[in-house]
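Source file: target-v1.cif. Holds: mmCIF, C-alpha atoms and all ligand atoms.
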```cif
data_upload
loop_
_atom_site.label_atom_id
_atom_site.label_comp_id
_atom_site.auth_asym_id
_atom_site.auth_seq_id
_atom_site.Cartn_x
_atom_site.Cartn_y
_atom_site.Cartn_z
CA MET A 1 129.10 -24.50 3.59
CA VAL A 2 128.06 -27.82 2.09
CA SER A 3 126.23 -30.79 3.66
CA LYS A 4 128.21 -33.12 5.92
CA ASP A 5 127.86 -36.02 3.46
CA LEU A 6 129.08 -33.98 0.49
CA LEU A 7 131.89 -32.61 2.62
CA ARG A 8 133.02 -36.13 3.55
CA GLU A 9 132.78 -37.22 -0.07
CA LYS A 10 134.92 -34.27 -1.18
CA ALA A 11 137.44 -35.00 1.60
CA SER A 12 137.71 -38.67 0.69
CA ARG A 13 139.08 -37.75 -2.77
CA ILE A 14 141.89 -35.53 -1.46
CA ARG A 15 145.48 -36.54 -2.25
CA PHE A 16 147.24 -33.23 -1.70
CA VAL A 17 146.64 -30.71 1.09
CA LEU A 18 147.97 -27.19 0.74
CA PHE A 19 148.24 -24.72 3.58
CA ASP A 20 148.67 -21.00 3.65
CA VAL A 21 151.31 -20.17 6.29
CA ASP A 22 150.74 -16.83 8.05
CA GLY A 23 147.47 -16.88 9.95
CA THR A 24 146.77 -20.50 9.07
CA LEU A 25 149.75 -22.54 10.27
CA THR A 26 150.72 -19.61 12.53
CA ASP A 27 148.62 -17.22 14.58
CA GLY A 28 149.58 -14.48 12.14
CA GLN A 29 152.13 -12.80 14.41
CA ILE A 30 155.53 -12.07 12.93
CA ILE A 31 158.36 -11.02 15.24
CA PHE A 32 161.17 -9.13 13.59
CA GLY A 33 164.70 -9.56 14.95
CA PRO A 34 167.30 -6.77 14.94
CA ASP A 35 168.83 -7.99 11.66
CA GLY A 36 165.49 -8.15 9.88
CA GLU A 37 165.06 -11.90 10.32
CA ASP A 38 161.55 -12.96 11.22
CA TYR A 39 160.29 -15.41 13.80
CA LYS A 40 157.03 -17.34 13.66
CA SER A 41 155.59 -19.93 15.99
CA PHE A 42 154.11 -23.16 14.68
CA ASN A 43 151.80 -25.55 16.47
CA ILE A 44 153.12 -28.96 17.47
CA LYS A 45 149.71 -30.64 17.02
CA ASP A 46 149.48 -29.31 13.45
CA GLY A 47 152.93 -30.83 12.91
CA MET A 48 151.79 -34.23 14.14
CA GLY A 49 148.71 -34.02 11.87
CA ILE A 50 150.92 -33.30 8.88
CA HIS A 51 153.16 -36.23 9.80
CA LEU A 52 150.16 -38.58 10.12
CA ALA A 53 148.71 -37.42 6.80
CA GLN A 54 152.05 -38.05 5.08
CA LYS A 55 152.16 -41.54 6.60
CA ASP A 56 148.73 -42.13 5.06
CA GLY A 57 150.13 -41.13 1.66
CA ILE A 58 148.57 -37.66 1.57
CA ARG A 59 151.03 -35.11 0.24
CA ILE A 60 151.37 -31.72 1.94
CA GLY A 61 152.37 -28.35 0.51
CA LEU A 62 152.90 -24.85 1.90
CA ILE A 63 152.15 -21.61 0.09
CA SER A 64 153.20 -18.26 1.48
CA GLY A 65 152.83 -14.74 0.16
CA ARG A 66 156.00 -13.81 2.06
CA ARG A 67 159.49 -15.30 2.11
CA SER A 68 160.92 -16.50 5.39
CA LEU A 69 163.69 -18.80 6.57
CA ALA A 70 161.41 -19.89 9.41
CA VAL A 71 159.04 -21.45 6.87
CA GLU A 72 161.89 -23.31 5.19
CA LYS A 73 163.03 -24.65 8.56
CA ARG A 74 159.55 -25.80 9.52
CA ALA A 75 159.08 -27.46 6.13
CA ASN A 76 162.41 -29.31 6.52
CA ASP A 77 161.44 -30.31 10.02
CA LEU A 78 158.22 -31.90 8.74
CA GLU A 79 159.78 -33.25 5.52
CA ILE A 80 157.40 -31.16 3.41
CA LEU A 81 158.81 -31.24 -0.10
CA HIS A 82 156.41 -28.78 -1.71
CA VAL A 83 156.98 -25.22 -0.52
CA TRP A 84 156.20 -22.07 -2.49
CA GLN A 85 157.13 -18.71 -0.96
CA ASP A 86 156.81 -15.09 -2.05
CA ILE A 87 153.71 -15.98 -4.08
CA LYS A 88 151.61 -13.01 -5.09
CA ASP A 89 149.11 -14.92 -7.25
CA LYS A 90 148.16 -18.06 -5.36
CA GLY A 91 145.35 -18.91 -7.82
CA GLY A 92 147.79 -18.78 -10.73
CA LEU A 93 150.23 -21.00 -8.86
CA LEU A 94 147.56 -23.67 -8.38
CA LYS A 95 147.32 -24.21 -12.14
CA CYS A 96 151.07 -24.93 -12.27
CA ILE A 97 150.87 -27.23 -9.24
CA LEU A 98 148.07 -29.29 -10.81
CA LYS A 99 150.06 -29.66 -14.02
CA ASP A 100 153.43 -30.39 -12.41
CA LEU A 101 152.13 -32.87 -9.86
CA ASP A 102 149.56 -34.40 -12.22
CA LEU A 103 146.61 -33.68 -9.93
CA LYS A 104 142.97 -32.87 -10.59
CA PRO A 105 141.42 -29.89 -8.74
CA GLU A 106 139.10 -32.27 -6.85
CA GLU A 107 142.15 -34.08 -5.43
CA VAL A 108 143.48 -30.88 -3.82
CA ALA A 109 142.46 -29.22 -0.55
CA PHE A 110 143.52 -25.80 0.64
CA MET A 111 143.21 -24.03 3.98
CA GLY A 112 143.61 -20.28 4.32
CA ASP A 113 142.65 -17.25 6.34
CA ASP A 114 142.67 -14.06 4.26
CA ILE A 115 141.57 -12.51 0.97
CA ASN A 116 144.82 -13.39 -0.83
CA ASP A 117 143.68 -17.01 -0.46
CA LEU A 118 140.36 -16.53 -2.27
CA GLY A 119 141.73 -17.27 -5.76
CA ILE A 120 142.99 -20.70 -4.78
CA LEU A 121 140.09 -21.49 -2.42
CA ARG A 122 137.63 -21.11 -5.31
CA GLU A 123 139.52 -23.59 -7.50
CA VAL A 124 140.27 -26.54 -5.24
CA GLY A 125 138.09 -29.58 -4.54
CA LEU A 126 137.92 -28.91 -0.81
CA SER A 127 138.32 -25.41 0.60
CA ALA A 128 138.83 -24.63 4.28
CA ALA A 129 138.96 -21.55 6.49
CA VAL A 130 140.43 -21.25 9.97
CA ALA A 131 137.96 -20.12 12.67
CA ASN A 132 139.42 -16.62 12.74
CA ALA A 133 139.64 -16.20 8.95
CA VAL A 134 138.20 -13.02 7.44
CA ARG A 135 134.51 -13.11 6.54
CA GLU A 136 135.10 -13.33 2.75
CA VAL A 137 137.09 -16.54 3.22
CA LYS A 138 134.61 -18.12 5.62
CA ASP A 139 131.77 -17.26 3.23
CA ILE A 140 133.13 -19.49 0.46
CA ALA A 141 134.84 -22.26 2.46
CA ASP A 142 133.47 -25.82 2.45
CA PHE A 143 134.98 -26.43 5.90
CA ILE A 144 135.50 -24.00 8.78
CA SER A 145 137.61 -25.21 11.69
CA GLU A 146 136.61 -24.63 15.29
CA LEU A 147 140.17 -23.71 16.18
CA ASP A 148 142.06 -20.59 15.12
CA GLY A 149 145.07 -20.42 12.81
CA GLY A 150 148.24 -21.54 14.60
CA ARG A 151 146.09 -23.09 17.35
CA GLY A 152 145.35 -26.49 15.84
CA ALA A 153 143.14 -25.51 12.87
CA ALA A 154 145.37 -27.40 10.43
CA ARG A 155 145.27 -30.53 12.60
CA GLU A 156 141.47 -30.33 12.72
CA PHE A 157 141.28 -30.12 8.92
CA ILE A 158 143.73 -32.99 8.41
CA ASP A 159 141.93 -35.17 10.96
CA PHE A 160 138.67 -34.55 9.09
CA ILE A 161 140.20 -35.58 5.75
CA ARG A 162 141.85 -38.66 7.24
CA SER A 163 138.63 -39.79 8.92
CA ALA A 164 136.63 -39.28 5.71
CA LYS A 165 139.12 -41.49 3.86
CA THR A 166 139.05 -44.18 6.56
CA ARG A 167 135.26 -44.16 6.54
CA LEU A 168 135.18 -44.64 2.77
CA LYS A 169 137.65 -47.52 3.00
CA THR A 170 135.63 -49.34 5.66
CA GLN A 171 132.43 -48.80 3.67
CA ASN A 172 134.03 -50.34 0.60
CA VAL A 173 135.27 -53.48 2.38
MG MG J 1 147.41 -16.05 5.60
#
```
How would this structure read if it were set down as structure tokens?
Amino acid sequence: MVSKDLLREKASRIRFVLFDVDGTLTDGQIIFGPDGEDYKSFNIKDGMGIHLAQKDGIRIGLISGRRSLAVEKRANDLEILHVWQDIKDKGGLLKCILKDLDLKPEEVAFMGDDINDLGILREVGLSAAVANAVREVKDIADFISELDGGRGAAREFIDFIRSAKTRLKTQNV
């Protein structure tokens, strides 16, 4: 954890927010249907946060270690253009994202919940863990939400970034 001032400073630089899906944007439950299709539930307040961030010009991306139609549907629903699924090496993917989208690490934030997120959490400018993330993730995260994954944690993180940016703008007027 870093000081509140440093945290706000880091947040004010963010232009792109990436989210892990299972356990971060969902509560981690996966329901399998009879034909092998999977069902996940997403939080409506997280969705509104993503929408508000996009309106502010902050880009949003989703990264999932699994592949699921439900994730594609949710991304379409929220007009999220950047979606990477079936990713085994999230840290490696970040390097490609930075290059392709012409971003610096300090302009990227990531929120995750489990050890497969550690590689990317260590590299971004602002790292976040959901309240019920595993200990290893919480140990290195700059920001830990009060809410659990799939229960508004993403909204909390986005609101923090948006308020840090607003604060900086008003200070600079
Ligand atoms: Mg996860």
Give me, as a tab-separated table, each residue of chain A that comes within 12 Å of ligand MG 1 (chain J), together with its shortest interatomic pair and the distance in Å at one decimal, counting all atoms listed in the file, with rows ordered by chain and rising residue number.
```
residue	atom	partner	partner_atom	distance
A:Phe19	CA	J:MG1	MG	8.9
A:Asp20	CA	J:MG1	MG	5.5
A:Val21	CA	J:MG1	MG	5.7
A:Asp22	CA	J:MG1	MG	4.2
A:Gly23	CA	J:MG1	MG	4.4
A:Thr24	CA	J:MG1	MG	5.7
A:Leu25	CA	J:MG1	MG	8.3
A:Thr26	CA	J:MG1	MG	8.5
A:Asp27	CA	J:MG1	MG	9.1
A:Gly28	CA	J:MG1	MG	7.1
A:Gln29	CA	J:MG1	MG	10.5
A:Ile30	CA	J:MG1	MG	11.6
A:Leu62	CA	J:MG1	MG	11.0
A:Ile63	CA	J:MG1	MG	9.2
A:Ser64	CA	J:MG1	MG	7.4
A:Gly65	CA	J:MG1	MG	7.8
A:Arg66	CA	J:MG1	MG	9.6
A:Ile87	CA	J:MG1	MG	11.5
A:Lys88	CA	J:MG1	MG	11.9
A:Lys90	CA	J:MG1	MG	11.2
A:Phe110	CA	J:MG1	MG	11.6
A:Met111	CA	J:MG1	MG	9.2
A:Gly112	CA	J:MG1	MG	5.8
A:Asp113	CA	J:MG1	MG	5.0
A:Asp114	CA	J:MG1	MG	5.3
A:Ile115	CA	J:MG1	MG	8.3
A:Asn116	CA	J:MG1	MG	7.4
A:Asp117	CA	J:MG1	MG	7.2
A:Leu118	CA	J:MG1	MG	10.6
A:Ala129	CA	J:MG1	MG	10.1
A:Val130	CA	J:MG1	MG	9.7
A:Asn132	CA	J:MG1	MG	10.7
A:Ala133	CA	J:MG1	MG	8.5
A:Val134	CA	J:MG1	MG	9.9
A:Val137	CA	J:MG1	MG	10.6
A:Asp148	CA	J:MG1	MG	11.8
A:Gly149	CA	J:MG1	MG	8.7
A:Gly150	CA	J:MG1	MG	10.6
```
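Around Asp77 in chain A, within 12 Å and counting only C-alpha atoms, the residues found are Phe42, Ile44, Gly47, Met48, Ile50, His51, Ala70, Val71, Glu72, Lys73 and Leu81 of chain A, once anything fewer than 4 positions away on its own chain is removed.
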- Task: Pick out the residues sitting within 8 Å of Pro105 in chain A, and hand them over as a ChimeraX atom specification; count all atoms listed in the file, and ignore anything fewer than 5 positions along from it in its own chain.
- Result: /A:98,123-125
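The coordinates place CA of Glu106 in chain A at 20.7 Å from CA of Gln171 in chain A.
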- Note on the structure: One decimal place gives the CA of Thr166 in chain A-CA of Leu101 in chain A separation as 23.8 Å
- Query: Which residues come within 12 Å of Arg59 in chain A, counting only C-alpha atoms, excluding same-chain residues fewer than 2 positions away, as a PyMOL selection string?
  - Reply: chain A and resi 14-19+49-57+61-62+78-83+101+103+107-110+158
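Going from CA of Lys138 in chain A to CA of Arg67 in chain A covers 25.3 Å.
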- For Val2 in chain A, please output as an NGL selection string all residues within 10 Å (counting all atoms listed in the file; exclusion window: fewer than 4 positions along the same chain). :A and (6-8 or 10 or 140-143)
Can you spit out the residues from that selection as a PDB file, in the frame of the given file, using C-alpha atoms?
```pdb
ATOM      1  CA  LEU A   6     129.080 -33.980   0.490  1.00  0.00           C
ATOM      2  CA  LEU A   7     131.890 -32.610   2.620  1.00  0.00           C
ATOM      3  CA  ARG A   8     133.020 -36.130   3.550  1.00  0.00           C
ATOM      4  CA  LYS A  10     134.920 -34.270  -1.180  1.00  0.00           C
ATOM      5  CA  ILE A 140     133.130 -19.490   0.460  1.00  0.00           C
ATOM      6  CA  ALA A 141     134.840 -22.260   2.460  1.00  0.00           C
ATOM      7  CA  ASP A 142     133.470 -25.820   2.450  1.00  0.00           C
ATOM      8  CA  PHE A 143     134.980 -26.430   5.900  1.00  0.00           C
TER       9      PHE A 143
END
```
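Of the residues under consideration (A:Ala11, A:Ala164, A:Leu121, A:Leu69), A:Leu121 shows the shortest atom-to-atom contact distance to Asp139 in chain A when counting only C-alpha atoms.
Of the listed residues A:Ser41, A:Asn76, A:Ser12, A:Ser145, the one whose atoms come nearest to Leu126 in chain A is A:Ser12, with distances taken using only C-alpha atoms.
Closest approach to Ile97 in chain A among A:Ala154, A:Ile120, A:Asp46, A:Gly33: A:Ile120, based on only C-alpha atoms.
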Kindly compute an axis-aligned box around the listed atoms of range 77-81 of chain A, allowing 8 Å on each side, and express its centre and edge lengths in Å to one decimal as JSON.
```
{"center_x": 159.4, "center_y": -31.8, "center_z": 5.0, "size_x": 20.0, "size_y": 18.9, "size_z": 26.1}
```
